[in-house]
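Novice: Let me begin by handing over the structure; questions about it come next.
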Amino acid sequence: FTKPARPLELAAALDDLLKNKLVEPLRILIVDDEPDVAQYHSLILEDAGMLVEQVHEPSLVLDVLRNFSPDLILVDVYMPQCTGQELAGIIRMVPEYLGMPIIYLSSETDREKQFSAMRVGVEGFITKPVVPSELVSSVALRAERMRALRRLMTRDSLTGLFNHGTTKDVIDNVVGQIGRTKENLVMVMLDLDYFKKVNDKHGHLAGDQVLVALSRVLKHRLRGTDVIGRYGGEEFAILLRKISIEQAYELIDTLREDFSKIVFSTGTEQFTCTFSAGLSSYAHYSTVEELFAAADKALYQAKMDGRNRVNV
Ligand code: GH3
Ligand code: MG
Ligand code: MG
Ligand code: MG
């Protein structure tokens with residue numbers, strides 16, 4: 001059976017709904033050698049809707065950073081193993097975390113000492129005992145700014161999907177994580193058909209409308225764990241997880257058919273648009289590069305065979 005295509009307006013409304021409902025909580029990492037203190041600050045931030053992870057042993061920070069990927073780090077200045085300054089210095093040495101907001105939390109009230117602690121380039125200094133509302137607002141402000149910045153760097157502004165560089169990184173990560181587990185992955189390269197003609201005939205804005213519509217269809221019909229990226233101008237790279245090549249073919253071919261039925265309008269003219277896709281299965285390849293190349297080759301063949309089709 002095939003699912004009916006969703007009208008564009010409904011898709012747009014759903015998109016907005018999802019955006020508001022599923023706004024990811026801010027992720028805060030607390031580094032403090034005293035579990036009680038960390039727990040207290042944790043509760044304050046969690047009460048404000050944030051997701052908090054605690055580390056009581058500074059040497060574990062880099063590991064946790066990689067897995068938890070926080071928007072901001074709260075660091076205790078005095079810990080027996082190392083000082084907050086030393087830890088901030090270490091975090092700053094990792095290129096990825098150069099922009100990570102770090103706030104010191106300490107009972108130190110001496111202005112001179114606070115100032116010297118901040119020289120490693122931390123964003124602020126909060127004195128203990130904290131005023132809960134003050135902690136929440138200074139953390140939220142900086143973490144949200146980090147979120148926005150990260151979004152700007154990793155997402156495509158038109159569609160909100162991962163940009164070219166991030167798509168490859170995220171797919172590399174997923175493939176690295178699943179390692180030798182039995183999970184199968186399917187790589188999809190998808191490219192709009194005769195898109196140059198769409199632009200030429202109906203204008204660039206109409207072309208943009210098609211790109212946004214396709215990205216919405218992908219976001220709504222694929223799973224949250226699937227990776228969707230805008231890989232080139234009108235080319236999308238997708239990594240489907242926990243799926244066989246047969247299931248993936250069914251899924252993408254249904255999307256192809258549904259998408260081809262969407263009627264776009266410029267106000268004066270109406271038109272439709274199609275895409276072609278190439279699929280490759282992780283079961284047959286061992287590296288991400290091979291997976292991409294095989295999907296690309298399958299896409300090329302789909303184009304050669306006449307477009308508006310999915311090819312494995
Ligand atoms: P094919 O079926 O072989 O893929 O043909 P095509 O016309 O889709 O492919 P081609 O690579 O010749 O043209 C791609 C076009 O996509 C050209 C470019 O203007 C358009 N494009 C790329 N990025 C954007 C964008 O962000 N917005 C719009 N409106 N057009 C874009
Ligand atoms: Mg301490
Ligand atoms: Mg094209
Ligand atoms: Mg192309």
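Naming scheme: A, B, ... for chains in displayed order of the structure tokens; residues 1 onward per chain; ligands 1 onward as shown.
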Neighbours of segment 69-84 of chain A within 9 Å (only C-alpha atoms; same-chain residues fewer than 6 positions away dropped), as a PyMOL selection string?
Specialist: chain A and resi 26-34+51-53+57-59+100-108+117+139-140+142-147+150
Novice: Please check which protein, DNA or RNA residues sit within 8 Å of ligand 4, counting only C-alpha atoms and all ligand atoms, and write them as number ranges by chain.
Specialist: A: 191-192, 232-235
Novice: Can you list, as a PyMOL selection string, all residues belonging to segment 272-309 of chain A that DSSP tags as alpha helix (DSSP H)?
Specialist: chain A and resi 288-304
Novice: Show me, as a list in words, the residues that have an atom within 8 Å of Gly49 of chain A when counting only C-alpha atoms, minus same-chain residues fewer than 3 positions from it.
Specialist: Pro25, Leu26, Leu45 and Glu46 of chain A
Novice: Keeping only N, CA and C atoms, write those residues as a CSV table (one decimal), in the first residue's frame.
Specialist:
```
chain,number,residue,atom,x,y,z
A,25,PRO,N,16.1,20.5,24.8
A,25,PRO,CA,16.5,21.3,26.0
A,25,PRO,C,18.0,21.6,25.9
A,26,LEU,N,18.3,22.8,26.5
A,26,LEU,CA,19.7,23.2,26.5
A,26,LEU,C,20.5,22.1,27.3
A,45,LEU,N,19.0,23.8,37.4
A,45,LEU,CA,18.9,23.9,36.0
A,45,LEU,C,17.9,23.0,35.4
A,46,GLU,N,17.8,21.8,35.9
A,46,GLU,CA,16.8,20.9,35.4
A,46,GLU,C,15.4,21.4,35.7
```
Novice: For Gln270 of chain A, find every residue with an atom within 12 Å (counting only C-alpha atoms), except residues of its own chain fewer than 4 positions away, and show them as a CSV table (one decimal) with N, CA and C atoms, in the first residue's frame.
Specialist:
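Saved result, out_5.csv, follows:
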```csv
chain,number,residue,atom,x,y,z
A,198,VAL,N,13.3,24.1,-13.8
A,198,VAL,CA,12.4,24.6,-12.8
A,198,VAL,C,12.7,26.1,-12.6
A,201,LYS,N,12.2,28.3,-15.8
A,201,LYS,CA,10.8,28.5,-16.2
A,201,LYS,C,10.0,29.3,-15.1
A,202,HIS,N,10.2,28.9,-13.9
A,202,HIS,CA,9.4,29.5,-12.8
A,202,HIS,C,10.1,30.4,-11.8
A,206,ALA,N,10.6,29.9,-6.8
A,206,ALA,CA,9.8,28.7,-7.0
A,206,ALA,C,10.8,27.5,-6.7
A,261,LYS,N,3.6,14.2,-6.7
A,261,LYS,CA,2.2,14.6,-6.8
A,261,LYS,C,2.0,16.0,-6.2
A,262,ILE,N,3.0,16.5,-5.6
A,262,ILE,CA,2.8,17.8,-4.9
A,262,ILE,C,2.8,18.9,-6.0
A,263,VAL,N,1.7,19.7,-6.0
A,263,VAL,CA,1.6,20.7,-7.0
A,263,VAL,C,2.1,22.1,-6.4
A,264,PHE,N,3.1,22.6,-7.1
A,264,PHE,CA,3.7,23.9,-6.6
A,264,PHE,C,3.0,25.0,-7.4
A,265,SER,N,3.0,26.2,-6.8
A,265,SER,CA,2.3,27.3,-7.5
A,265,SER,C,3.1,28.6,-7.4
A,266,THR,N,3.2,29.3,-8.5
A,266,THR,CA,3.9,30.6,-8.4
A,266,THR,C,2.9,31.7,-8.4
```
Novice: Can you tell me, as number ranges by chain, what residues are no more than 9 Å from Ala277 of chain A when counting only C-alpha atoms, ignoring any on the same chain fewer than 2 positions away?
Specialist: A: 188-192, 252-253, 256, 275, 279, 295-296, 298-300, 302-303, 307-312
Novice: Store the residues picked out above in a file with N, CA and C atoms, as an mmCIF file, in the first residue's frame.
Specialist:
```cif
data_model
loop_
_atom_site.group_PDB
_atom_site.id
_atom_site.type_symbol
_atom_site.label_atom_id
_atom_site.label_comp_id
_atom_site.auth_asym_id
_atom_site.auth_seq_id
_atom_site.Cartn_x
_atom_site.Cartn_y
_atom_site.Cartn_z
ATOM 1 N N VAL A 188 21.502 6.951 0.839
ATOM 2 C CA VAL A 188 20.666 7.406 -0.264
ATOM 3 C C VAL A 188 21.226 8.722 -0.804
ATOM 4 N N MET A 189 21.455 8.773 -2.094
ATOM 5 C CA MET A 189 21.793 10.027 -2.759
ATOM 6 C C MET A 189 20.586 10.405 -3.593
ATOM 7 N N LEU A 190 20.088 11.603 -3.366
ATOM 8 C CA LEU A 190 18.832 11.992 -4.002
ATOM 9 C C LEU A 190 19.043 13.326 -4.720
ATOM 10 N N ASP A 191 18.579 13.433 -5.952
ATOM 11 C CA ASP A 191 18.831 14.651 -6.732
ATOM 12 C C ASP A 191 17.575 15.023 -7.524
ATOM 13 N N LEU A 192 17.204 16.303 -7.444
ATOM 14 C CA LEU A 192 16.005 16.756 -8.166
ATOM 15 C C LEU A 192 16.242 16.667 -9.672
ATOM 16 N N ILE A 252 11.831 4.906 -0.062
ATOM 17 C CA ILE A 252 12.242 6.029 -0.907
ATOM 18 C C ILE A 252 11.396 6.089 -2.180
ATOM 19 N N ASP A 253 11.005 4.928 -2.678
ATOM 20 C CA ASP A 253 10.183 4.931 -3.892
ATOM 21 C C ASP A 253 8.783 5.491 -3.600
ATOM 22 N N ARG A 256 9.199 9.143 -3.407
ATOM 23 C CA ARG A 256 9.352 9.662 -4.770
ATOM 24 C C ARG A 256 7.992 9.880 -5.413
ATOM 25 N N PHE A 275 12.208 13.645 -8.349
ATOM 26 C CA PHE A 275 13.615 13.394 -8.020
ATOM 27 C C PHE A 275 14.004 11.974 -8.395
ATOM 28 N N LEU A 279 20.677 4.132 -4.167
ATOM 29 C CA LEU A 279 20.813 3.529 -2.842
ATOM 30 C C LEU A 279 22.021 2.593 -2.785
ATOM 31 N N ALA A 295 26.248 4.797 -3.866
ATOM 32 C CA ALA A 295 24.946 5.476 -3.950
ATOM 33 C C ALA A 295 24.959 6.481 -5.106
ATOM 34 N N ASP A 296 26.093 7.148 -5.253
ATOM 35 C CA ASP A 296 26.257 8.129 -6.317
ATOM 36 C C ASP A 296 26.160 7.470 -7.694
ATOM 37 N N ALA A 298 24.638 4.643 -8.346
ATOM 38 C CA ALA A 298 23.249 4.199 -8.535
ATOM 39 C C ALA A 298 22.367 5.383 -8.947
ATOM 40 N N LEU A 299 22.655 6.560 -8.368
ATOM 41 C CA LEU A 299 21.890 7.757 -8.741
ATOM 42 C C LEU A 299 22.141 8.118 -10.201
ATOM 43 N N TYR A 300 23.399 8.063 -10.593
ATOM 44 C CA TYR A 300 23.761 8.378 -11.979
ATOM 45 C C TYR A 300 23.002 7.462 -12.944
ATOM 46 N N ALA A 302 20.129 5.949 -12.327
ATOM 47 C CA ALA A 302 18.707 6.328 -12.295
ATOM 48 C C ALA A 302 18.447 7.496 -13.247
ATOM 49 N N LYS A 303 19.400 8.431 -13.302
ATOM 50 C CA LYS A 303 19.274 9.576 -14.218
ATOM 51 C C LYS A 303 19.356 9.082 -15.666
ATOM 52 N N ARG A 307 15.257 9.193 -15.183
ATOM 53 C CA ARG A 307 14.875 10.040 -14.031
ATOM 54 C C ARG A 307 13.533 9.633 -13.424
ATOM 55 N N ASN A 308 13.163 10.337 -12.322
ATOM 56 C CA ASN A 308 11.955 10.008 -11.553
ATOM 57 C C ASN A 308 11.928 8.517 -11.207
ATOM 58 N N ARG A 309 13.032 8.013 -10.698
ATOM 59 C CA ARG A 309 13.100 6.603 -10.296
ATOM 60 C C ARG A 309 14.165 6.399 -9.221
ATOM 61 N N VAL A 310 14.032 5.270 -8.526
ATOM 62 C CA VAL A 310 14.994 4.905 -7.484
ATOM 63 C C VAL A 310 15.778 3.698 -7.978
ATOM 64 N N ASN A 311 17.071 3.723 -7.784
ATOM 65 C CA ASN A 311 17.915 2.652 -8.298
ATOM 66 C C ASN A 311 18.856 2.139 -7.197
ATOM 67 N N VAL A 312 18.988 0.819 -7.121
ATOM 68 C CA VAL A 312 19.893 0.230 -6.118
ATOM 69 C C VAL A 312 21.187 -0.197 -6.793
#
```
Novice: For atom CA of Gly306 of chain A and atom CA of Thr159 of chain A, determine how far apart the two atoms are, in Å to one decimal place.
Specialist: 27.0 Å
Novice: Could you tell me, as a ChimeraX atom specification, which residues of segment 55-259 of chain A DSSP assigns to strand (DSSP E or B) when given the backbone?
Specialist: /A:55,72-76,78,83,102-106,124-127,155,162,185-192,227-230,235-241
Novice: Please produce an output containing N, CA and C atoms for each residue in the selection, written as a short mmCIF file (atom, residue, chain, number, x, y, z; two decimals), in the first residue's frame.
Specialist:
```cif
data_model
loop_
_atom_site.label_atom_id
_atom_site.label_comp_id
_atom_site.auth_asym_id
_atom_site.auth_seq_id
_atom_site.Cartn_x
_atom_site.Cartn_y
_atom_site.Cartn_z
N VAL A 55 29.99 15.77 36.13
CA VAL A 55 31.27 15.07 36.16
C VAL A 55 31.96 15.48 37.45
N LEU A 72 26.99 24.33 27.05
CA LEU A 72 27.73 25.16 28.00
C LEU A 72 28.30 24.29 29.11
N ILE A 73 29.45 24.72 29.65
CA ILE A 73 30.06 23.97 30.76
C ILE A 73 30.19 24.86 31.98
N LEU A 74 29.75 24.36 33.12
CA LEU A 74 29.92 25.06 34.40
C LEU A 74 31.07 24.37 35.12
N VAL A 75 32.11 25.12 35.45
CA VAL A 75 33.30 24.51 36.04
C VAL A 75 33.58 25.08 37.43
N ASP A 76 33.76 24.19 38.37
CA ASP A 76 34.16 24.57 39.72
C ASP A 76 35.63 25.00 39.66
N TYR A 78 37.93 25.34 42.27
CA TYR A 78 38.85 24.57 43.12
C TYR A 78 38.48 23.10 43.18
N THR A 83 42.87 22.69 38.74
CA THR A 83 42.06 23.89 38.93
C THR A 83 41.14 24.08 37.73
N ILE A 102 32.22 28.58 28.77
CA ILE A 102 32.59 27.99 30.06
C ILE A 102 32.33 29.05 31.14
N ILE A 103 31.61 28.65 32.17
CA ILE A 103 31.38 29.58 33.29
C ILE A 103 31.97 28.96 34.55
N TYR A 104 32.73 29.76 35.27
CA TYR A 104 33.27 29.30 36.55
C TYR A 104 32.24 29.46 37.64
N LEU A 105 32.25 28.49 38.54
CA LEU A 105 31.40 28.55 39.72
C LEU A 105 32.34 28.42 40.91
N SER A 106 32.36 29.43 41.74
CA SER A 106 33.27 29.31 42.87
C SER A 106 32.87 30.16 44.05
N GLY A 124 32.32 33.74 32.11
CA GLY A 124 31.82 34.43 33.28
C GLY A 124 32.19 33.74 34.55
N PHE A 125 31.78 34.36 35.63
CA PHE A 125 32.13 33.89 36.96
C PHE A 125 30.90 34.03 37.83
N ILE A 126 30.45 32.94 38.39
CA ILE A 126 29.30 33.01 39.29
C ILE A 126 29.78 32.58 40.68
N THR A 127 29.46 33.39 41.67
CA THR A 127 29.92 33.05 43.03
C THR A 127 28.91 32.19 43.75
N ARG A 155 24.07 23.96 9.89
CA ARG A 155 22.83 23.75 9.14
C ARG A 155 22.78 24.62 7.89
N PHE A 162 21.26 19.45 7.71
CA PHE A 162 22.70 19.56 7.86
C PHE A 162 23.30 20.10 6.56
N LEU A 185 22.75 -0.20 7.50
CA LEU A 185 22.53 1.18 7.11
C LEU A 185 22.33 1.22 5.61
N VAL A 186 21.51 2.17 5.17
CA VAL A 186 21.38 2.37 3.73
C VAL A 186 21.65 3.83 3.41
N MET A 187 22.55 4.03 2.47
CA MET A 187 22.91 5.37 2.04
C MET A 187 22.05 5.73 0.82
N VAL A 188 21.50 6.95 0.84
CA VAL A 188 20.67 7.41 -0.26
C VAL A 188 21.23 8.72 -0.80
N MET A 189 21.46 8.77 -2.09
CA MET A 189 21.79 10.03 -2.76
C MET A 189 20.59 10.41 -3.59
N LEU A 190 20.09 11.60 -3.37
CA LEU A 190 18.83 11.99 -4.00
C LEU A 190 19.04 13.33 -4.72
N ASP A 191 18.58 13.43 -5.95
CA ASP A 191 18.83 14.65 -6.73
C ASP A 191 17.57 15.02 -7.52
N LEU A 192 17.20 16.30 -7.44
CA LEU A 192 16.00 16.76 -8.17
C LEU A 192 16.24 16.67 -9.67
N VAL A 227 19.91 10.25 9.18
CA VAL A 227 20.66 11.48 8.94
C VAL A 227 20.22 12.06 7.60
N ILE A 228 19.81 13.34 7.60
CA ILE A 228 19.39 13.98 6.35
C ILE A 228 20.22 15.23 6.14
N GLY A 229 20.90 15.30 4.99
CA GLY A 229 21.71 16.48 4.73
C GLY A 229 21.47 17.04 3.35
N ARG A 230 21.61 18.37 3.25
CA ARG A 230 21.60 18.97 1.91
C ARG A 230 23.05 18.94 1.46
N GLU A 235 20.91 18.46 -4.25
CA GLU A 235 21.27 17.07 -3.99
C GLU A 235 21.24 16.83 -2.47
N PHE A 236 20.63 15.72 -2.07
CA PHE A 236 20.50 15.39 -0.65
C PHE A 236 21.18 14.05 -0.37
N ALA A 237 21.92 13.99 0.74
CA ALA A 237 22.52 12.73 1.17
C ALA A 237 21.79 12.28 2.43
N ILE A 238 21.35 11.03 2.44
CA ILE A 238 20.55 10.52 3.56
C ILE A 238 21.14 9.20 4.03
N LEU A 239 21.22 9.03 5.34
CA LEU A 239 21.64 7.74 5.88
C LEU A 239 20.45 7.16 6.67
N LEU A 240 19.91 6.06 6.15
CA LEU A 240 18.79 5.40 6.83
C LEU A 240 19.36 4.35 7.76
N ARG A 241 18.83 4.30 8.99
CA ARG A 241 19.35 3.35 9.97
C ARG A 241 18.39 2.19 10.21
#
```
Novice: Residues within 6 Å of ligand 1 (only C-alpha atoms and all ligand atoms), as a list in words?
Specialist: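 Counting only C-alpha atoms and all ligand atoms, the residues within 6 Å of ligand 1 come out as Asp191, Leu192, Asp193, Tyr194, Phe195, Lys196, Lys197, Asn199, His204, Leu205, Gly207, Asp208, Gly233 and Glu234 of chain A.
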Novice: How would the residues just chosen look if you wrote them out with N, CA and C atoms as an mmCIF file, in the first residue's frame?
Specialist:
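To be explicit, this is the file written out as selection10.cif:
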```
data_model
loop_
_atom_site.group_PDB
_atom_site.id
_atom_site.type_symbol
_atom_site.label_atom_id
_atom_site.label_comp_id
_atom_site.auth_asym_id
_atom_site.auth_seq_id
_atom_site.Cartn_x
_atom_site.Cartn_y
_atom_site.Cartn_z
ATOM 1 N N ASP A 191 18.579 13.433 -5.952
ATOM 2 C CA ASP A 191 18.831 14.651 -6.732
ATOM 3 C C ASP A 191 17.575 15.023 -7.524
ATOM 4 N N LEU A 192 17.204 16.303 -7.444
ATOM 5 C CA LEU A 192 16.005 16.756 -8.166
ATOM 6 C C LEU A 192 16.242 16.667 -9.672
ATOM 7 N N ASP A 193 15.185 16.314 -10.398
ATOM 8 C CA ASP A 193 15.297 16.143 -11.843
ATOM 9 C C ASP A 193 15.063 17.474 -12.570
ATOM 10 N N TYR A 194 15.900 17.727 -13.548
ATOM 11 C CA TYR A 194 15.760 18.922 -14.401
ATOM 12 C C TYR A 194 15.493 20.176 -13.576
ATOM 13 N N PHE A 195 16.209 20.306 -12.495
ATOM 14 C CA PHE A 195 15.919 21.417 -11.588
ATOM 15 C C PHE A 195 16.300 22.765 -12.191
ATOM 16 N N LYS A 196 17.282 22.743 -13.065
ATOM 17 C CA LYS A 196 17.682 23.973 -13.744
ATOM 18 C C LYS A 196 16.491 24.528 -14.534
ATOM 19 N N LYS A 197 15.741 23.620 -15.132
ATOM 20 C CA LYS A 197 14.568 24.040 -15.911
ATOM 21 C C LYS A 197 13.505 24.662 -15.008
ATOM 22 N N ASN A 199 13.980 26.347 -12.279
ATOM 23 C CA ASN A 199 14.428 27.718 -12.021
ATOM 24 C C ASN A 199 14.232 28.616 -13.236
ATOM 25 N N HIS A 204 13.757 31.506 -9.407
ATOM 26 C CA HIS A 204 14.568 30.973 -8.326
ATOM 27 C C HIS A 204 13.758 30.744 -7.051
ATOM 28 N N LEU A 205 12.799 31.645 -6.792
ATOM 29 C CA LEU A 205 11.984 31.505 -5.579
ATOM 30 C C LEU A 205 11.138 30.244 -5.618
ATOM 31 N N GLY A 207 11.994 27.613 -7.230
ATOM 32 C CA GLY A 207 12.972 26.544 -7.014
ATOM 33 C C GLY A 207 13.229 26.337 -5.523
ATOM 34 N N ASP A 208 13.376 27.447 -4.810
ATOM 35 C CA ASP A 208 13.598 27.369 -3.359
ATOM 36 C C ASP A 208 12.417 26.685 -2.663
ATOM 37 N N GLY A 233 23.582 21.736 -4.057
ATOM 38 C CA GLY A 233 22.483 22.650 -4.359
ATOM 39 C C GLY A 233 21.137 21.962 -4.330
ATOM 40 N N GLU A 234 20.950 20.950 -5.175
ATOM 41 C CA GLU A 234 19.658 20.249 -5.234
ATOM 42 C C GLU A 234 19.881 18.763 -5.062
#
```
Novice: Please indicate the distance in Å from atom CA of Gly278 of chain A to atom CA of Gln301 of chain A, rounded to one decimal place.
Specialist: 7.9 Å
Novice: Could you jot down the atom CA of Leu158 of chain A to atom CA of Tyr249 of chain A separation for me, Å, one decimal place?
Specialist: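 Between atom CA of Leu158 of chain A and atom CA of Tyr249 of chain A the gap works out to 27.2 Å.
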Novice: So which residues touch Asn173 of chain A within 12 Å, counting only C-alpha atoms, skipping near sequence neighbours fewer than 5 positions away, as a VMD selection string?
Specialist: chain A and resid 66 to 67 166 to 168 178 to 179 227 239 287 to 288
Novice: Would you save the residues from that selection as an mmCIF file, in the first residue's frame, using N, CA and C atoms?
Specialist:
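Output below, filename out_38.cif:
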```cif
data_model
loop_
_atom_site.group_PDB
_atom_site.id
_atom_site.type_symbol
_atom_site.label_atom_id
_atom_site.label_comp_id
_atom_site.auth_asym_id
_atom_site.auth_seq_id
_atom_site.Cartn_x
_atom_site.Cartn_y
_atom_site.Cartn_z
ATOM 1 N N ARG A 66 32.576 14.601 24.491
ATOM 2 C CA ARG A 66 32.361 13.988 23.185
ATOM 3 C C ARG A 66 30.978 13.334 23.107
ATOM 4 N N ASN A 67 30.607 12.630 24.171
ATOM 5 C CA ASN A 67 29.329 11.909 24.143
ATOM 6 C C ASN A 67 28.125 12.790 24.436
ATOM 7 N N THR A 166 28.822 19.083 7.511
ATOM 8 C CA THR A 166 28.276 18.400 8.684
ATOM 9 C C THR A 166 27.674 17.048 8.310
ATOM 10 N N THR A 167 27.028 16.968 7.139
ATOM 11 C CA THR A 167 26.417 15.714 6.710
ATOM 12 C C THR A 167 27.456 14.599 6.719
ATOM 13 N N LYS A 168 28.591 14.890 6.102
ATOM 14 C CA LYS A 168 29.658 13.886 6.016
ATOM 15 C C LYS A 168 30.156 13.531 7.427
ATOM 16 N N ILE A 178 28.287 2.463 15.049
ATOM 17 C CA ILE A 178 27.644 1.161 14.954
ATOM 18 C C ILE A 178 28.671 0.042 14.821
ATOM 19 N N GLY A 179 29.891 0.427 14.354
ATOM 20 C CA GLY A 179 30.989 -0.528 14.333
ATOM 21 C C GLY A 179 30.597 -1.857 13.716
ATOM 22 N N VAL A 227 19.907 10.250 9.181
ATOM 23 C CA VAL A 227 20.657 11.485 8.941
ATOM 24 C C VAL A 227 20.222 12.065 7.599
ATOM 25 N N LEU A 239 21.225 9.033 5.340
ATOM 26 C CA LEU A 239 21.638 7.737 5.881
ATOM 27 C C LEU A 239 20.455 7.163 6.666
ATOM 28 N N THR A 287 33.531 1.045 4.006
ATOM 29 C CA THR A 287 33.850 2.424 4.381
ATOM 30 C C THR A 287 32.753 3.383 3.911
ATOM 31 N N VAL A 288 32.732 4.546 4.560
ATOM 32 C CA VAL A 288 31.760 5.577 4.208
ATOM 33 C C VAL A 288 31.981 6.038 2.769
#
```
Novice: Leu214 of chain A: which residues within 8 Å, counting only C-alpha atoms, same-chain residues fewer than 4 positions away excluded, as a list in words?
Specialist: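 Listing them by chain and then by number gives Val210, Leu218 and Phe259 of chain A.
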